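One structure is given below, encoded as structure tokens.
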Amino acid sequence: MTTKDLESDIIIIGAGPSGAVAAALLRKHGYQVTILEKQHFPRFSIGESLLPQCMEFLEEAGMTEVIQDADFQYKNGAAFHYNGKNTSFNFCEKFSSGRGTTFQVQRAHFDHLLAQEAEKKGAEIRYGHEITAADFSGERPWLRVCTDDGQEYEARGKYVLDASGFGRVLSRLLDLETPSEFPVRMSLFTHVEDKIDHPGHDRDKILITVHPKWRDVWFWLIPFANGRCSLGVVAKPEFIESRDGDPLDVLREIVGEDPNLSALLANAEWDMPVRPIRGYSCNVKQLWGTNYALLGNAAEFLDPVFSSGVTIAMKSASLAAQALHRQFCGETVDWQADYAEPLMSGVDTFRTYVDAWYEGTFQDVVFAENPSDPVKRMISSILAGYAWDTKNPYVSESRRRLATLAELCRA
């Protein structure tokens, strides 16, 4: 079966945060924008802890009001625990200018709200429409689209933005994927009715817990406003797969190995399935090509430890929308210099800190006693998502500065 073919100025693959923000930004300039989304919203997605830098991009897209009115859990920082040591970072006490607070969100609702806002601004979203083939050799990009009721049609536009996230549509169809530099890791995660009543627990912060025996194993606990939380563990696959039992039993067993985390969740109701994900880090040969660009996780996903995924996604949407508008206005745009390099400068900053986390050096910094207040503010800025602020020495000289700081903390 076939349905009517599509012609649009800009076709966006995926209605997640990067796709919705890009659509809203492009609609400000009056372009015809069509989003093709494989799934139907609302749908489950992991990655619930936003960073304050996200709010800057939502404000740029005209989407902050609907998020602020949605009663999501307020977030002002990050807390860390390791072997009885506790520390935290208040994102309002940071080096970089900009917002210091954000939200912890159930992504099904959050992503749906952003998609609805993009529609209100004039973008068309077609749910249940999957891209099965792509050709960028002609004057206009060509896509084959299959709907979930079995119909097929052709879609053509002046430009395509791939915001498909872990679906990585164009990366697969155009053979752009390359192995990640990160070792393969695995996660088990779920949502629980946490019933945390400990007076010292701060629901306004994500809690990152390091396993008491294995420093490369860590947990996230992300509280929601409704008394639930997102809970997960990240480790090498063999650490998880060597254990007997179904995913729920294995996750509960590993959580039980940390006294602080198991005490916090002593009364929790484990009322949802546990989901596994393995080998989630990815990379691509290039972020753009003739009449297309890759956004967010469709381009590269590092690691969930610092909740950078949505921030990188929205930053890529902002940069791509600016470059595309200039191009449509007749300017010559160098997509490598104007899009890929600015985006990757922040991604590489996050990469430095992810590497250092698993090496243990950044953990030494996080759990250092009596840290310097100016330095802590600079680190807080990065944890808050301001990885593109080159005025921050721990951004502009991230690897050297972090190595030196770690040595001082261990001395």
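Within each chain, counting starts at residue 1; across the structure tokens, chains are named A, B, ... in the order shown, with ligands numbered 1 upward in that order.
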- Compile the contact shell of Glu193 of chain A as a PyMOL selection string: residues with an atom at most 8 Å away, counting only C-alpha atoms, same-chain residues fewer than 6 positions apart removed. chain A and resi 227-229+268-271
- Please give the complete set of residues from segment 337-403 of chain A that DSSP, run on the backbone, assigns to alpha helix (DSSP H), formatted as a ChimeraX atom specification. /A:341-359,361-366,373-383,393-396,398-403
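With only C-alpha atoms taken into account, the protein and nucleic acid residues at most 8 Å from Gly16 of chain A (excluding it and anything under 3 positions from it in its own chain) are Gly19, Ala20, Asp111, Leu114, Ala115, Ala163, Ser164 and Gly165 of chain A.
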Expected file: the selected residues, N, CA and C atoms, as a PDB file, in the first residue's frame:
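result-v6.pdb written:
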ATOM      1  N   GLY A  19      14.837  16.659  18.502  1.00  0.00           N
ATOM      2  CA  GLY A  19      13.947  16.895  17.368  1.00  0.00           C
ATOM      3  C   GLY A  19      12.918  17.966  17.657  1.00  0.00           C
ATOM      4  N   ALA A  20      12.322  17.921  18.864  1.00  0.00           N
ATOM      5  CA  ALA A  20      11.303  18.900  19.219  1.00  0.00           C
ATOM      6  C   ALA A  20      11.887  20.302  19.340  1.00  0.00           C
ATOM      7  N   ASP A 111       9.056  14.275  27.240  1.00  0.00           N
ATOM      8  CA  ASP A 111       9.236  14.260  25.785  1.00  0.00           C
ATOM      9  C   ASP A 111       7.925  14.550  25.069  1.00  0.00           C
ATOM     10  N   LEU A 114       7.242  18.318  25.112  1.00  0.00           N
ATOM     11  CA  LEU A 114       8.057  19.049  24.139  1.00  0.00           C
ATOM     12  C   LEU A 114       7.533  18.833  22.719  1.00  0.00           C
ATOM     13  N   ALA A 115       7.159  17.605  22.414  1.00  0.00           N
ATOM     14  CA  ALA A 115       6.619  17.322  21.077  1.00  0.00           C
ATOM     15  C   ALA A 115       5.321  18.092  20.839  1.00  0.00           C
ATOM     16  N   ALA A 163      17.334  13.153  14.440  1.00  0.00           N
ATOM     17  CA  ALA A 163      17.211  13.265  15.892  1.00  0.00           C
ATOM     18  C   ALA A 163      16.637  11.969  16.465  1.00  0.00           C
ATOM     19  N   SER A 164      17.030  10.845  15.865  1.00  0.00           N
ATOM     20  CA  SER A 164      16.419   9.556  16.214  1.00  0.00           C
ATOM     21  C   SER A 164      17.004   8.912  17.457  1.00  0.00           C
ATOM     22  N   GLY A 165      17.951   9.559  18.120  1.00  0.00           N
ATOM     23  CA  GLY A 165      18.483   9.026  19.367  1.00  0.00           C
ATOM     24  C   GLY A 165      19.157   7.681  19.170  1.00  0.00           C
TER      25      GLY A 165
END
Apply DSSP to the backbone of this structure and, from segment 75-142 of chain A, keep only the residues in strand (DSSP E); write these as a compact mmCIF listing (two decimals) with C-alpha atoms, in the first residue's frame.
# COMPACT_ATOMS: atom_id res chain seq x y z
CA LYS A 75 16.66 19.77 40.87
CA GLY A 77 22.50 19.73 42.16
CA ALA A 78 24.14 16.32 42.47
CA ALA A 79 24.99 14.26 45.54
CA PHE A 80 27.65 11.54 45.68
CA HIS A 81 28.25 8.65 48.10
CA TYR A 82 31.14 6.23 48.43
CA LYS A 85 31.62 9.46 52.38
CA ASN A 86 29.02 11.98 51.25
CA THR A 87 29.50 15.09 49.18
CA SER A 88 27.33 17.27 46.97
CA PHE A 89 27.43 20.07 44.43
CA ASN A 90 24.90 22.90 44.43
CA THR A 102 16.36 22.35 36.46
CA PHE A 103 14.10 19.30 36.85
CA GLN A 104 14.14 15.54 37.21
CA GLU A 124 3.79 18.52 11.82
CA ILE A 125 4.54 15.25 13.64
CA ARG A 126 3.73 11.92 12.05
CA TYR A 127 3.82 9.17 14.66
CA HIS A 129 6.35 6.47 10.63
CA GLU A 130 9.67 4.64 10.22
CA ILE A 131 12.49 5.55 7.80
CA THR A 132 13.54 2.42 5.92
CA ALA A 133 15.82 3.89 3.22
CA ALA A 134 17.62 7.15 2.50
CA ASP A 135 19.37 8.69 -0.50
CA TRP A 142 14.95 11.30 -0.39
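Take the candidates A:Gly47, A:Gly279, A:Pro374, A:Pro237 and check each one against Ser180 of chain A using only C-alpha atoms; the shortest distance goes to A:Gly279.
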- Task: Find, counting only C-alpha atoms, the residue in A:Phe224, A:Tyr339, A:Tyr292, A:Phe166 that gets nearest to Ile277 of chain A.
- Result: A:Phe166
Within 12 Å of segment 321-332 of chain A, which residues of segment 137-223 of chain A show up? Give each one with its shortest atom-to-atom distance in Å (one decimal) and the two atoms involved, counting only C-alpha atoms, rows by chain then rising residue number, as a tab-separated table.
residue	atom	partner	partner_atom	distance
A:Lys158	CA	A:Phe328	CA	9.2
A:Tyr159	CA	A:Leu324	CA	8.4
A:Val160	CA	A:Leu324	CA	10.2
A:Leu161	CA	A:Ala321	CA	9.4
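You will find atom CA of Asp194 of chain A at 11.1 Å from atom CA of Ala263 of chain A.
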- 7 Å contact set for Ser96 of chain A, only C-alpha atoms, chain neighbours under 2 positions out, as a PyMOL selection string: chain A and resi 94+98+381+386+389
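Residues in contact with Pro342 of chain A at up to 12 Å, not including ones fewer than 5 positions away on its chain and judged by only C-alpha atoms, are A:Leu287, A:Ile312, A:Lys315, A:Ser316, A:Ser318, A:Leu319, A:Ala320, A:Ala323, A:Asp334, A:Trp335, A:Gln336, A:Ala337, A:Val347, A:Asp348, A:Thr349, A:Ala387, A:Trp388, A:Asp389, A:Thr390.
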Print the selection's residues with N, CA, C and O atoms to a file, as a PDB file, in the first residue's frame.
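The new file out_20.pdb reads:
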ATOM      1  N   LEU A 287      29.468  14.014  11.549  1.00  0.00           N
ATOM      2  CA  LEU A 287      28.218  14.525  12.120  1.00  0.00           C
ATOM      3  C   LEU A 287      27.317  15.166  11.080  1.00  0.00           C
ATOM      4  O   LEU A 287      26.184  15.531  11.399  1.00  0.00           O
ATOM      5  N   ILE A 312      23.499  17.529  25.525  1.00  0.00           N
ATOM      6  CA  ILE A 312      24.176  17.456  24.226  1.00  0.00           C
ATOM      7  C   ILE A 312      23.141  17.468  23.103  1.00  0.00           C
ATOM      8  O   ILE A 312      23.340  18.123  22.063  1.00  0.00           O
ATOM      9  N   LYS A 315      21.856  21.054  22.725  1.00  0.00           N
ATOM     10  CA  LYS A 315      22.912  21.902  22.174  1.00  0.00           C
ATOM     11  C   LYS A 315      23.046  21.659  20.677  1.00  0.00           C
ATOM     12  O   LYS A 315      23.171  22.607  19.883  1.00  0.00           O
ATOM     13  N   SER A 316      22.998  20.397  20.269  1.00  0.00           N
ATOM     14  CA  SER A 316      23.111  20.090  18.840  1.00  0.00           C
ATOM     15  C   SER A 316      21.930  20.662  18.069  1.00  0.00           C
ATOM     16  O   SER A 316      22.098  21.166  16.948  1.00  0.00           O
ATOM     17  N   SER A 318      20.231  23.380  18.828  1.00  0.00           N
ATOM     18  CA  SER A 318      20.418  24.823  18.760  1.00  0.00           C
ATOM     19  C   SER A 318      21.441  25.187  17.689  1.00  0.00           C
ATOM     20  O   SER A 318      21.207  26.077  16.857  1.00  0.00           O
ATOM     21  N   LEU A 319      22.582  24.505  17.692  1.00  0.00           N
ATOM     22  CA  LEU A 319      23.619  24.794  16.704  1.00  0.00           C
ATOM     23  C   LEU A 319      23.150  24.499  15.280  1.00  0.00           C
ATOM     24  O   LEU A 319      23.393  25.280  14.354  1.00  0.00           O
ATOM     25  N   ALA A 320      22.475  23.367  15.100  1.00  0.00           N
ATOM     26  CA  ALA A 320      22.021  22.984  13.760  1.00  0.00           C
ATOM     27  C   ALA A 320      20.968  23.948  13.236  1.00  0.00           C
ATOM     28  O   ALA A 320      20.980  24.317  12.054  1.00  0.00           O
ATOM     29  N   ALA A 323      22.707  27.158  12.076  1.00  0.00           N
ATOM     30  CA  ALA A 323      23.441  26.963  10.826  1.00  0.00           C
ATOM     31  C   ALA A 323      22.483  26.800   9.648  1.00  0.00           C
ATOM     32  O   ALA A 323      22.712  27.356   8.559  1.00  0.00           O
ATOM     33  N   ASP A 334      29.844  26.490   6.745  1.00  0.00           N
ATOM     34  CA  ASP A 334      30.810  25.409   6.894  1.00  0.00           C
ATOM     35  C   ASP A 334      30.324  24.539   8.049  1.00  0.00           C
ATOM     36  O   ASP A 334      30.528  24.868   9.218  1.00  0.00           O
ATOM     37  N   TRP A 335      29.671  23.424   7.734  1.00  0.00           N
ATOM     38  CA  TRP A 335      29.037  22.614   8.772  1.00  0.00           C
ATOM     39  C   TRP A 335      30.060  21.984   9.723  1.00  0.00           C
ATOM     40  O   TRP A 335      29.719  21.691  10.871  1.00  0.00           O
ATOM     41  N   GLN A 336      31.285  21.817   9.263  1.00  0.00           N
ATOM     42  CA  GLN A 336      32.304  21.292  10.165  1.00  0.00           C
ATOM     43  C   GLN A 336      32.688  22.362  11.192  1.00  0.00           C
ATOM     44  O   GLN A 336      32.730  22.095  12.396  1.00  0.00           O
ATOM     45  N   ALA A 337      32.945  23.565  10.707  1.00  0.00           N
ATOM     46  CA  ALA A 337      33.383  24.645  11.595  1.00  0.00           C
ATOM     47  C   ALA A 337      32.237  25.262  12.388  1.00  0.00           C
ATOM     48  O   ALA A 337      32.429  25.707  13.526  1.00  0.00           O
ATOM     49  N   VAL A 347      31.291  18.074  23.960  1.00  0.00           N
ATOM     50  CA  VAL A 347      31.253  16.621  24.097  1.00  0.00           C
ATOM     51  C   VAL A 347      32.604  16.106  24.583  1.00  0.00           C
ATOM     52  O   VAL A 347      32.684  15.237  25.458  1.00  0.00           O
ATOM     53  N   ASP A 348      33.679  16.657  24.042  1.00  0.00           N
ATOM     54  CA  ASP A 348      35.012  16.223  24.454  1.00  0.00           C
ATOM     55  C   ASP A 348      35.308  16.603  25.902  1.00  0.00           C
ATOM     56  O   ASP A 348      36.047  15.886  26.594  1.00  0.00           O
ATOM     57  N   THR A 349      34.768  17.728  26.354  1.00  0.00           N
ATOM     58  CA  THR A 349      34.913  18.075  27.778  1.00  0.00           C
ATOM     59  C   THR A 349      34.233  17.029  28.640  1.00  0.00           C
ATOM     60  O   THR A 349      34.818  16.515  29.612  1.00  0.00           O
ATOM     61  N   ALA A 387      29.518  22.776  29.653  1.00  0.00           N
ATOM     62  CA  ALA A 387      30.751  22.211  29.111  1.00  0.00           C
ATOM     63  C   ALA A 387      31.264  22.978  27.908  1.00  0.00           C
ATOM     64  O   ALA A 387      32.312  22.630  27.356  1.00  0.00           O
ATOM     65  N   TRP A 388      30.549  24.006  27.488  1.00  0.00           N
ATOM     66  CA  TRP A 388      30.981  24.844  26.358  1.00  0.00           C
ATOM     67  C   TRP A 388      31.492  26.208  26.834  1.00  0.00           C
ATOM     68  O   TRP A 388      31.829  27.055  26.019  1.00  0.00           O
ATOM     69  N   ASP A 389      31.564  26.429  28.142  1.00  0.00           N
ATOM     70  CA  ASP A 389      32.016  27.698  28.692  1.00  0.00           C
ATOM     71  C   ASP A 389      33.536  27.696  28.772  1.00  0.00           C
ATOM     72  O   ASP A 389      34.118  27.268  29.776  1.00  0.00           O
ATOM     73  N   THR A 390      34.200  28.166  27.731  1.00  0.00           N
ATOM     74  CA  THR A 390      35.660  28.125  27.677  1.00  0.00           C
ATOM     75  C   THR A 390      36.327  29.135  28.612  1.00  0.00           C
ATOM     76  O   THR A 390      37.555  29.114  28.760  1.00  0.00           O
TER      77      THR A 390
END
- In Å to one decimal, how far is atom CA of Lys391 of chain A from atom CA of Gly346 of chain A? 12.7 Å
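Our summary of the geometry notes that atom CA of His29 of chain A is positioned 24.8 Å from atom CA of Gln68 of chain A.
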- Message: Residues near Ile196 of chain A, anyone? I mean within 8 Å using only C-alpha atoms, not counting same-chain ones fewer than 3 positions away, as number ranges by chain.
- Response: A: 201, 264-268
Can you write out as a tab-separated table which residues of segment 229-296 of chain A fall within 9 Å of segment 210-221 of chain A, alongside each residue's closest atom pair and its distance in Å to one decimal, counting only C-alpha atoms and ordering rows by chain and ascending residue number?
residue	atom	partner	partner_atom	distance
A:Cys229	CA	A:Leu221	CA	6.5
A:Ser230	CA	A:Leu221	CA	5.7
A:Leu231	CA	A:Leu221	CA	4.7
A:Gly232	CA	A:Trp220	CA	5.3
A:Val233	CA	A:Phe219	CA	4.3
A:Val234	CA	A:Trp218	CA	5.6
A:Ala235	CA	A:Val217	CA	4.8
A:Lys236	CA	A:Val217	CA	7.7
A:Phe239	CA	A:Val217	CA	8.7
A:Ile254	CA	A:His211	CA	8.8
A:Val255	CA	A:Phe219	CA	8.0
A:Glu257	CA	A:His211	CA	7.6
A:Asp258	CA	A:Pro212	CA	6.2
A:Pro259	CA	A:Pro212	CA	8.6
A:Leu261	CA	A:Phe219	CA	8.8
